[in-house]
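Take a look at the structure set out below.
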Amino acid sequence: MVTGASMCPAALRPGDLVALIAPCGWVRPERAEAAANVLSAWGLRVRLGSNALRRYFYLAGTDEERLADLNSAFRDPDVRAVLCIRGGYGAQRIVDGIDFDAVRADPKLFMGFSDITALHVALWCETRLATIHGPTAYGLATGPDCTRALDARQALMTRDPIVMTPDENEGTAQLRLAGRAEGVLLGGNLTMLAATAGTRHRPDLNGAILMIEATDEEPYRVDRSLVQLKRAGWLDGVAGVAVGQFTRCEDDGPTPTVQQVLAEQLGSLGVPVLGGLPFGHGEQQTALGLGVPAILDADTRTLTVQPVGQ
């Protein structure tokens, strides 16, 4: 594990080479091609991982094949960004085999979300690489002018801060505990964070702003994940919590809503909380940096995140 300042790669420029890799679930070829077309429309060169279209059970190839593509991208000096084609499941099966020395020697932009959270956490803990929690390439396949693609382009190709405000249509939009917090933004998918607790990769969240989102989890499972992080000590000293999209996280039975569960568990932390932010598994998947300074202001209902690319 390392400590110290974030390691920020350079923002992408037209002509840069981007590697599309599949570290988790298997990939539909037409979706990978559509994503490559979007990136090409931005003026970028695109290389598909050698094993990205393979299939082994529910995975995009064997662990060895998926890891080989990931490390090949990290080791290649021509590659300036590594974009995950999709999440699903499988990142934790290969995370301990990442060539962290290659990452330290040549920092590159890295983007994905959901199951990719395991890789975000490991890269931060091992190298302090600032990464981008943003749509997978599957999410870009709808075209270069869709909102999520334009937001991803901003995160990858500019040095502009990201300023987010709650979407009133999100189920967690009414979740707000007053106050203002400044700190490094860390986190990702809540289920994956809880699954990572107990492994050798534990981010120090003391003084940090935690961001969380989830999908397809009933309220009691959201409760369970938050309790797991609390009991593991992850939430000790957290400065604030940014709550994104909790999609399809309701139960038809006589249970609390997911917003009630979040309010109870996060309210006990005594820190500013802002919900309804448009990142996660919803229609809008705003890209934002992890491992970079951020300001969460629940009073003005804003989350401001500094850019990853420098």
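FYI, nothing fancy with the structure tokens labels: chains A, B, ... in order, residues from 1 per chain, ligands from 1 as they appear.
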
Can you pull out every residue from stretch 93-245 of chain A that DSSP, working from the backbone, puts in strand (DSSP E), and format the result as JSON, numbers by chain?
{"A": [109, 110, 111, 112, 131, 132, 133, 162, 163, 164, 176, 177, 180, 181, 182, 183, 184, 185, 186, 187, 188, 189, 209, 210, 211, 212, 213, 214, 215, 240, 241, 242, 243, 244, 245]}

Can you list every residue of stretch 159-238 of chain A that has an atom at most 6 Å from stretch 285-300 of chain A, with its nearest atom pair and the distance in Å to one decimal, using only C-alpha atoms, ordered by chain then number, as a tab-separated table?
```
residue	atom	partner	partner_atom	distance
A:Ala178	CA	A:Ala298	CA	5.2
A:Gly179	CA	A:Ala298	CA	5.5
A:Arg180	CA	A:Asp297	CA	4.3
A:Ala181	CA	A:Leu296	CA	5.2
A:Glu182	CA	A:Ile295	CA	4.5
A:Gly183	CA	A:Pro293	CA	5.5
A:Val184	CA	A:Pro293	CA	4.4
A:Leu185	CA	A:Leu290	CA	5.3
A:Leu186	CA	A:Leu290	CA	5.2
```

Produce a file of the selected residues containing all heavy atoms, as an mmCIF file, in the first residue's frame.
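out.cif, written as the output of this step:
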```
data_model
loop_
_atom_site.group_PDB
_atom_site.id
_atom_site.type_symbol
_atom_site.label_atom_id
_atom_site.label_comp_id
_atom_site.auth_asym_id
_atom_site.auth_seq_id
_atom_site.Cartn_x
_atom_site.Cartn_y
_atom_site.Cartn_z
ATOM 1 N N ALA A 178 -27.447 18.609 6.220
ATOM 2 C CA ALA A 178 -26.792 19.892 5.998
ATOM 3 C C ALA A 178 -25.307 19.865 6.336
ATOM 4 O O ALA A 178 -24.837 19.094 7.174
ATOM 5 C CB ALA A 178 -27.495 20.970 6.814
ATOM 6 N N GLY A 179 -24.591 20.760 5.648
ATOM 7 C CA GLY A 179 -23.180 20.939 5.928
ATOM 8 C C GLY A 179 -22.344 20.959 4.664
ATOM 9 O O GLY A 179 -22.856 20.763 3.556
ATOM 10 N N ARG A 180 -21.067 21.208 4.845
ATOM 11 C CA ARG A 180 -20.116 21.306 3.735
ATOM 12 C C ARG A 180 -18.875 20.508 4.088
ATOM 13 O O ARG A 180 -18.384 20.589 5.220
ATOM 14 C CB ARG A 180 -19.756 22.771 3.486
ATOM 15 C CG ARG A 180 -18.848 23.046 2.283
ATOM 16 C CD ARG A 180 -18.615 24.548 2.162
ATOM 17 N NE ARG A 180 -17.874 24.907 0.965
ATOM 18 C CZ ARG A 180 -16.555 24.916 0.862
ATOM 19 N NH1 ARG A 180 -15.817 24.565 1.919
ATOM 20 N NH2 ARG A 180 -15.971 25.267 -0.268
ATOM 21 N N ALA A 181 -18.387 19.735 3.135
ATOM 22 C CA ALA A 181 -17.211 18.909 3.383
ATOM 23 C C ALA A 181 -16.247 19.027 2.211
ATOM 24 O O ALA A 181 -16.667 19.112 1.049
ATOM 25 C CB ALA A 181 -17.610 17.453 3.592
ATOM 26 N N GLU A 182 -14.962 19.037 2.508
ATOM 27 C CA GLU A 182 -13.921 19.011 1.485
ATOM 28 C C GLU A 182 -13.036 17.809 1.728
ATOM 29 O O GLU A 182 -12.710 17.487 2.875
ATOM 30 C CB GLU A 182 -13.076 20.292 1.533
ATOM 31 C CG GLU A 182 -13.831 21.558 1.221
ATOM 32 C CD GLU A 182 -12.907 22.765 1.108
ATOM 33 O OE1 GLU A 182 -11.774 22.571 0.598
ATOM 34 O OE2 GLU A 182 -13.303 23.862 1.529
ATOM 35 N N GLY A 183 -12.654 17.140 0.665
ATOM 36 C CA GLY A 183 -11.787 15.980 0.803
ATOM 37 C C GLY A 183 -11.625 15.264 -0.517
ATOM 38 O O GLY A 183 -12.262 15.611 -1.515
ATOM 39 N N VAL A 184 -10.780 14.263 -0.520
ATOM 40 C CA VAL A 184 -10.600 13.433 -1.710
ATOM 41 C C VAL A 184 -11.841 12.566 -1.896
ATOM 42 O O VAL A 184 -12.383 12.010 -0.930
ATOM 43 C CB VAL A 184 -9.344 12.551 -1.557
ATOM 44 C CG1 VAL A 184 -9.262 11.514 -2.675
ATOM 45 C CG2 VAL A 184 -8.102 13.418 -1.552
ATOM 46 N N LEU A 185 -12.324 12.479 -3.121
ATOM 47 C CA LEU A 185 -13.505 11.678 -3.418
ATOM 48 C C LEU A 185 -13.087 10.236 -3.691
ATOM 49 O O LEU A 185 -12.237 9.971 -4.542
ATOM 50 C CB LEU A 185 -14.239 12.242 -4.639
ATOM 51 C CG LEU A 185 -15.600 11.617 -4.961
ATOM 52 C CD1 LEU A 185 -16.629 11.978 -3.898
ATOM 53 C CD2 LEU A 185 -16.087 12.062 -6.336
ATOM 54 N N LEU A 186 -13.692 9.296 -2.972
ATOM 55 C CA LEU A 186 -13.398 7.867 -3.127
ATOM 56 C C LEU A 186 -14.698 7.075 -3.023
ATOM 57 O O LEU A 186 -15.677 7.546 -2.458
ATOM 58 C CB LEU A 186 -12.421 7.397 -2.052
ATOM 59 C CG LEU A 186 -11.012 7.999 -2.085
ATOM 60 C CD1 LEU A 186 -10.245 7.628 -0.819
ATOM 61 C CD2 LEU A 186 -10.257 7.535 -3.318
#
```

Min atom-atom distance to A:Met211 from the set A:Thr255, A:Gln228, A:Ser114, A:Asn189, counting only C-alpha atoms, belongs to A:Asn189

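Restricting the calculation to only C-alpha atoms, the smallest distance between A:Asp204 and any of A:Glu217, A:Asp145, A:Asp236, A:Glu65 is found for A:Asp236.
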
Counting only C-alpha atoms, what is within 8 Å of stretch 82-97 of chain A, bar same-chain residues fewer than 2 positions away, as a PyMOL selection string?
-> chain A and resi 18-25+27+32+58-59+63-64+66-67+73-74+79-80+99+108-116+118-119+122+136-138

Would you mind reading off the distance between atom CA of A:Trp124 and atom CA of A:Pro203, one decimal, in Å?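 Calculated distance between atom CA of A:Trp124 and atom CA of A:Pro203 is 7.4 Å.
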
Using only C-alpha atoms, which residues sit within 12 Å of A:Glu126 once same-chain residues fewer than 3 positions away are excluded, as a list in words?
Met1, Val2, Thr3, Gly4, Ser6, Met7, Val95, Asp96, Gly97, Ile98, Asp99, Phe100, Asp101, Ala102, Val103, Arg104, Leu119, His120, Val121, Ala122, Leu123, Leu129, Ala130, Arg200, His201, Arg202, Pro203 and Asp204 of chain A

Take the residues just selected and output them with N, CA and C atoms as a short mmCIF file (atom, residue, chain, number, x, y, z; two decimals), in the first residue's frame.
```
data_model
loop_
_atom_site.label_atom_id
_atom_site.label_comp_id
_atom_site.auth_asym_id
_atom_site.auth_seq_id
_atom_site.Cartn_x
_atom_site.Cartn_y
_atom_site.Cartn_z
N MET A 1 0.83 -1.19 0.00
CA MET A 1 0.00 0.00 0.00
C MET A 1 0.88 1.25 0.00
N VAL A 2 0.36 2.33 -0.58
CA VAL A 2 1.11 3.57 -0.63
C VAL A 2 0.28 4.69 -0.02
N THR A 3 0.96 5.75 0.36
CA THR A 3 0.30 6.95 0.85
C THR A 3 0.84 8.13 0.08
N GLY A 4 0.17 9.27 0.24
CA GLY A 4 0.67 10.47 -0.42
C GLY A 4 -0.32 11.01 -1.42
N SER A 6 -2.25 12.18 -4.93
CA SER A 6 -2.79 11.44 -6.06
C SER A 6 -1.82 11.49 -7.24
N MET A 7 -1.85 10.45 -8.04
CA MET A 7 -1.08 10.39 -9.28
C MET A 7 -2.06 10.60 -10.42
N VAL A 95 -7.88 -8.93 -9.78
CA VAL A 95 -7.34 -7.68 -9.27
C VAL A 95 -5.95 -7.83 -8.67
N ASP A 96 -5.67 -8.96 -8.02
CA ASP A 96 -4.38 -9.12 -7.37
C ASP A 96 -3.24 -9.37 -8.37
N GLY A 97 -3.60 -9.60 -9.63
CA GLY A 97 -2.58 -9.84 -10.64
C GLY A 97 -2.21 -8.61 -11.45
N ILE A 98 -2.78 -7.45 -11.12
CA ILE A 98 -2.47 -6.23 -11.87
C ILE A 98 -0.99 -5.88 -11.71
N ASP A 99 -0.39 -5.45 -12.80
CA ASP A 99 1.01 -4.99 -12.78
C ASP A 99 1.04 -3.56 -12.26
N PHE A 100 1.05 -3.42 -10.94
CA PHE A 100 1.01 -2.09 -10.33
C PHE A 100 2.29 -1.31 -10.61
N ASP A 101 3.40 -1.99 -10.80
CA ASP A 101 4.64 -1.29 -11.16
C ASP A 101 4.49 -0.57 -12.49
N ALA A 102 3.80 -1.22 -13.45
CA ALA A 102 3.58 -0.58 -14.75
C ALA A 102 2.68 0.64 -14.61
N VAL A 103 1.69 0.55 -13.74
CA VAL A 103 0.78 1.68 -13.51
C VAL A 103 1.55 2.85 -12.93
N ARG A 104 2.41 2.59 -11.96
CA ARG A 104 3.20 3.66 -11.34
C ARG A 104 4.16 4.29 -12.35
N LEU A 119 -11.40 -2.58 -9.14
CA LEU A 119 -10.16 -2.13 -9.76
C LEU A 119 -9.83 -0.70 -9.35
N HIS A 120 -10.85 0.15 -9.27
CA HIS A 120 -10.62 1.53 -8.80
C HIS A 120 -9.97 1.51 -7.41
N VAL A 121 -10.54 0.72 -6.51
CA VAL A 121 -10.04 0.67 -5.14
C VAL A 121 -8.60 0.16 -5.10
N ALA A 122 -8.33 -0.91 -5.84
CA ALA A 122 -6.98 -1.48 -5.84
C ALA A 122 -5.96 -0.52 -6.42
N LEU A 123 -6.31 0.14 -7.52
CA LEU A 123 -5.38 1.09 -8.14
C LEU A 123 -5.07 2.25 -7.19
N LEU A 129 -3.30 6.09 -8.03
CA LEU A 129 -3.75 6.56 -9.33
C LEU A 129 -5.16 7.13 -9.21
N ALA A 130 -5.35 8.37 -9.64
CA ALA A 130 -6.68 8.95 -9.74
C ALA A 130 -7.35 8.36 -10.98
N ARG A 200 -7.14 -7.19 1.07
CA ARG A 200 -5.96 -6.36 1.38
C ARG A 200 -6.09 -4.95 0.87
N HIS A 201 -7.17 -4.64 0.15
CA HIS A 201 -7.35 -3.29 -0.38
C HIS A 201 -8.43 -2.56 0.42
N ARG A 202 -7.96 -1.72 1.32
CA ARG A 202 -8.84 -0.90 2.14
C ARG A 202 -8.43 0.55 2.00
N PRO A 203 -9.24 1.38 1.33
CA PRO A 203 -8.89 2.79 1.20
C PRO A 203 -9.07 3.52 2.53
N ASP A 204 -8.19 4.45 2.81
CA ASP A 204 -8.31 5.27 4.02
C ASP A 204 -9.31 6.38 3.73
#
```

Practice task
Tell me which protein, DNA and RNA residues are within 6 Å of stretch 212-214 of chain A, counting only C-alpha atoms, leaving out same-chain ones fewer than 5 positions away, and put them as a PyMOL selection string.
Solution key: chain A and resi 188-190+243-246+280

Using all heavy atoms, can you write the selected residues to a file as a PDB file, in the first residue's frame?
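Produced file result33.pdb, reproduced below:
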```pdb
ATOM      1  N   GLY A 188     -17.552   4.216  -4.932  1.00  0.00           N
ATOM      2  CA  GLY A 188     -18.062   3.549  -6.124  1.00  0.00           C
ATOM      3  C   GLY A 188     -19.306   2.754  -5.814  1.00  0.00           C
ATOM      4  O   GLY A 188     -20.159   3.187  -5.029  1.00  0.00           O
ATOM      5  N   ASN A 189     -19.405   1.582  -6.397  1.00  0.00           N
ATOM      6  CA  ASN A 189     -20.579   0.739  -6.192  1.00  0.00           C
ATOM      7  C   ASN A 189     -20.587   0.184  -4.773  1.00  0.00           C
ATOM      8  O   ASN A 189     -19.623  -0.446  -4.328  1.00  0.00           O
ATOM      9  CB  ASN A 189     -20.575  -0.398  -7.212  1.00  0.00           C
ATOM     10  CG  ASN A 189     -21.764  -1.316  -7.051  1.00  0.00           C
ATOM     11  OD1 ASN A 189     -21.653  -2.374  -6.449  1.00  0.00           O
ATOM     12  ND2 ASN A 189     -22.910  -0.903  -7.572  1.00  0.00           N
ATOM     13  N   LEU A 190     -21.691   0.415  -4.053  1.00  0.00           N
ATOM     14  CA  LEU A 190     -21.757   0.049  -2.635  1.00  0.00           C
ATOM     15  C   LEU A 190     -21.592  -1.454  -2.435  1.00  0.00           C
ATOM     16  O   LEU A 190     -20.890  -1.890  -1.516  1.00  0.00           O
ATOM     17  CB  LEU A 190     -23.088   0.522  -2.051  1.00  0.00           C
ATOM     18  CG  LEU A 190     -23.367   0.130  -0.601  1.00  0.00           C
ATOM     19  CD1 LEU A 190     -22.314   0.715   0.337  1.00  0.00           C
ATOM     20  CD2 LEU A 190     -24.768   0.594  -0.190  1.00  0.00           C
ATOM     21  N   VAL A 243     -24.387  10.605  -2.518  1.00  0.00           N
ATOM     22  CA  VAL A 243     -25.239   9.447  -2.830  1.00  0.00           C
ATOM     23  C   VAL A 243     -25.753   9.575  -4.260  1.00  0.00           C
ATOM     24  O   VAL A 243     -26.416  10.554  -4.615  1.00  0.00           O
ATOM     25  CB  VAL A 243     -26.416   9.343  -1.845  1.00  0.00           C
ATOM     26  CG1 VAL A 243     -27.280   8.129  -2.185  1.00  0.00           C
ATOM     27  CG2 VAL A 243     -25.900   9.254  -0.413  1.00  0.00           C
ATOM     28  N   GLY A 244     -25.436   8.588  -5.070  1.00  0.00           N
ATOM     29  CA  GLY A 244     -25.856   8.584  -6.456  1.00  0.00           C
ATOM     30  C   GLY A 244     -27.142   7.817  -6.677  1.00  0.00           C
ATOM     31  O   GLY A 244     -28.038   7.803  -5.831  1.00  0.00           O
ATOM     32  N   GLN A 245     -27.206   7.140  -7.800  1.00  0.00           N
ATOM     33  CA  GLN A 245     -28.424   6.432  -8.203  1.00  0.00           C
ATOM     34  C   GLN A 245     -28.506   5.066  -7.525  1.00  0.00           C
ATOM     35  O   GLN A 245     -27.553   4.293  -7.544  1.00  0.00           O
ATOM     36  CB  GLN A 245     -28.429   6.270  -9.721  1.00  0.00           C
ATOM     37  CG  GLN A 245     -28.455   7.602 -10.456  1.00  0.00           C
ATOM     38  CD  GLN A 245     -27.860   7.524 -11.844  1.00  0.00           C
ATOM     39  OE1 GLN A 245     -27.063   6.636 -12.143  1.00  0.00           O
ATOM     40  NE2 GLN A 245     -28.237   8.454 -12.705  1.00  0.00           N
ATOM     41  N   PHE A 246     -29.640   4.788  -6.948  1.00  0.00           N
ATOM     42  CA  PHE A 246     -29.949   3.470  -6.402  1.00  0.00           C
ATOM     43  C   PHE A 246     -31.104   2.931  -7.233  1.00  0.00           C
ATOM     44  O   PHE A 246     -32.270   3.077  -6.887  1.00  0.00           O
ATOM     45  CB  PHE A 246     -30.271   3.561  -4.910  1.00  0.00           C
ATOM     46  CG  PHE A 246     -29.045   3.593  -4.039  1.00  0.00           C
ATOM     47  CD1 PHE A 246     -28.199   4.694  -4.056  1.00  0.00           C
ATOM     48  CD2 PHE A 246     -28.697   2.514  -3.241  1.00  0.00           C
ATOM     49  CE1 PHE A 246     -27.043   4.729  -3.283  1.00  0.00           C
ATOM     50  CE2 PHE A 246     -27.551   2.530  -2.457  1.00  0.00           C
ATOM     51  CZ  PHE A 246     -26.717   3.637  -2.485  1.00  0.00           C
ATOM     52  N   GLY A 280     -24.070   6.495 -11.540  1.00  0.00           N
ATOM     53  CA  GLY A 280     -24.444   5.131 -11.191  1.00  0.00           C
ATOM     54  C   GLY A 280     -25.037   4.389 -12.368  1.00  0.00           C
ATOM     55  O   GLY A 280     -24.604   4.547 -13.509  1.00  0.00           O
TER      56      GLY A 280
END
```

Coordinates-based distance that separates atom CA of A:Glu250 from atom CA of A:Gly237 (Å, one decimal)
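Between atom CA of A:Gly237 and atom CA of A:Glu250 the gap works out to 29.4 Å.
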
Where does stretch 33-56 of chain A meet stretch 150-155 of chain A within 12 Å, residue by residue, with the nearest atom pair and distance in Å to one decimal for each, counting only C-alpha atoms, listed by chain and rising number, as a tab-separated table?
```
residue	atom	partner	partner_atom	distance
A:Val38	CA	A:Arg153	CA	10.1
A:Leu39	CA	A:Arg153	CA	8.8
A:Ser40	CA	A:Arg153	CA	11.8
A:Ala41	CA	A:Arg153	CA	11.0
A:Trp42	CA	A:Arg153	CA	8.1
A:Gly43	CA	A:Arg153	CA	11.1
A:Leu44	CA	A:Arg153	CA	10.9
```

(message) What does the structure give for the distance between atom CA of A:Asp106 and atom CA of A:Leu70, in Å to one decimal?
(response)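 Atom-to-atom, atom CA of A:Asp106 and atom CA of A:Leu70 are spaced 13.8 Å apart.
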
Q. If we count only C-alpha atoms, what is near A:Val261 at a cut-off of 8 Å, once residues fewer than 4 positions away on the same chain are taken out, given as JSON, numbers by chain?
A. {"A": [219, 220, 222, 223, 256, 257, 265]}

Any chance you could export the current selection's all heavy atoms as a PDB file, in the first residue's frame?
```pdb
ATOM      1  N   PRO A 219     -33.754  -3.066  -0.159  1.00  0.00           N
ATOM      2  CA  PRO A 219     -33.303  -2.187   0.928  1.00  0.00           C
ATOM      3  C   PRO A 219     -32.496  -2.892   2.006  1.00  0.00           C
ATOM      4  O   PRO A 219     -31.510  -2.332   2.505  1.00  0.00           O
ATOM      5  CB  PRO A 219     -34.625  -1.626   1.469  1.00  0.00           C
ATOM      6  CG  PRO A 219     -35.513  -1.588   0.264  1.00  0.00           C
ATOM      7  CD  PRO A 219     -35.172  -2.822  -0.504  1.00  0.00           C
ATOM      8  N   TYR A 220     -32.873  -4.113   2.369  1.00  0.00           N
ATOM      9  CA  TYR A 220     -32.128  -4.775   3.442  1.00  0.00           C
ATOM     10  C   TYR A 220     -30.705  -5.093   3.003  1.00  0.00           C
ATOM     11  O   TYR A 220     -29.783  -5.135   3.819  1.00  0.00           O
ATOM     12  CB  TYR A 220     -32.859  -6.037   3.913  1.00  0.00           C
ATOM     13  CG  TYR A 220     -32.595  -7.274   3.096  1.00  0.00           C
ATOM     14  CD1 TYR A 220     -31.554  -8.153   3.418  1.00  0.00           C
ATOM     15  CD2 TYR A 220     -33.397  -7.596   2.003  1.00  0.00           C
ATOM     16  CE1 TYR A 220     -31.318  -9.294   2.667  1.00  0.00           C
ATOM     17  CE2 TYR A 220     -33.173  -8.727   1.249  1.00  0.00           C
ATOM     18  CZ  TYR A 220     -32.132  -9.583   1.591  1.00  0.00           C
ATOM     19  OH  TYR A 220     -31.901 -10.704   0.836  1.00  0.00           O
ATOM     20  N   VAL A 222     -28.927  -3.158   0.912  1.00  0.00           N
ATOM     21  CA  VAL A 222     -28.233  -1.877   1.032  1.00  0.00           C
ATOM     22  C   VAL A 222     -27.844  -1.648   2.496  1.00  0.00           C
ATOM     23  O   VAL A 222     -26.712  -1.240   2.804  1.00  0.00           O
ATOM     24  CB  VAL A 222     -29.119  -0.727   0.514  1.00  0.00           C
ATOM     25  CG1 VAL A 222     -28.496   0.630   0.814  1.00  0.00           C
ATOM     26  CG2 VAL A 222     -29.369  -0.888  -0.993  1.00  0.00           C
ATOM     27  N   ASP A 223     -28.780  -1.932   3.393  1.00  0.00           N
ATOM     28  CA  ASP A 223     -28.525  -1.826   4.826  1.00  0.00           C
ATOM     29  C   ASP A 223     -27.342  -2.711   5.213  1.00  0.00           C
ATOM     30  O   ASP A 223     -26.409  -2.280   5.911  1.00  0.00           O
ATOM     31  CB  ASP A 223     -29.787  -2.260   5.574  1.00  0.00           C
ATOM     32  CG  ASP A 223     -29.745  -1.931   7.057  1.00  0.00           C
ATOM     33  OD1 ASP A 223     -28.753  -1.348   7.522  1.00  0.00           O
ATOM     34  OD2 ASP A 223     -30.714  -2.264   7.749  1.00  0.00           O
ATOM     35  N   PRO A 256     -38.782  -0.871   4.682  1.00  0.00           N
ATOM     36  CA  PRO A 256     -38.456   0.543   4.469  1.00  0.00           C
ATOM     37  C   PRO A 256     -38.047   0.771   3.020  1.00  0.00           C
ATOM     38  O   PRO A 256     -37.633  -0.156   2.317  1.00  0.00           O
ATOM     39  CB  PRO A 256     -37.269   0.778   5.410  1.00  0.00           C
ATOM     40  CG  PRO A 256     -37.201  -0.396   6.307  1.00  0.00           C
ATOM     41  CD  PRO A 256     -37.844  -1.530   5.596  1.00  0.00           C
ATOM     42  N   THR A 257     -38.138   1.997   2.574  1.00  0.00           N
ATOM     43  CA  THR A 257     -37.601   2.341   1.260  1.00  0.00           C
ATOM     44  C   THR A 257     -36.080   2.421   1.360  1.00  0.00           C
ATOM     45  O   THR A 257     -35.515   2.556   2.457  1.00  0.00           O
ATOM     46  CB  THR A 257     -38.136   3.688   0.771  1.00  0.00           C
ATOM     47  OG1 THR A 257     -37.646   4.720   1.642  1.00  0.00           O
ATOM     48  CG2 THR A 257     -39.668   3.703   0.759  1.00  0.00           C
ATOM     49  N   GLN A 265     -28.772   4.928   8.178  1.00  0.00           N
ATOM     50  CA  GLN A 265     -27.375   4.521   8.312  1.00  0.00           C
ATOM     51  C   GLN A 265     -26.404   5.685   8.142  1.00  0.00           C
ATOM     52  O   GLN A 265     -25.442   5.818   8.895  1.00  0.00           O
ATOM     53  CB  GLN A 265     -27.063   3.419   7.298  1.00  0.00           C
ATOM     54  CG  GLN A 265     -27.736   2.090   7.584  1.00  0.00           C
ATOM     55  CD  GLN A 265     -27.199   1.433   8.863  1.00  0.00           C
ATOM     56  OE1 GLN A 265     -26.178   1.836   9.415  1.00  0.00           O
ATOM     57  NE2 GLN A 265     -27.910   0.435   9.336  1.00  0.00           N
TER      58      GLN A 265
END
```

**Counting only C-alpha atoms, the option among A:Gly270, A:Arg75, A:Thr117, A:Ala173 closest to A:Thr131** =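 For A:Thr131, the nearest of the given residues is A:Thr117.
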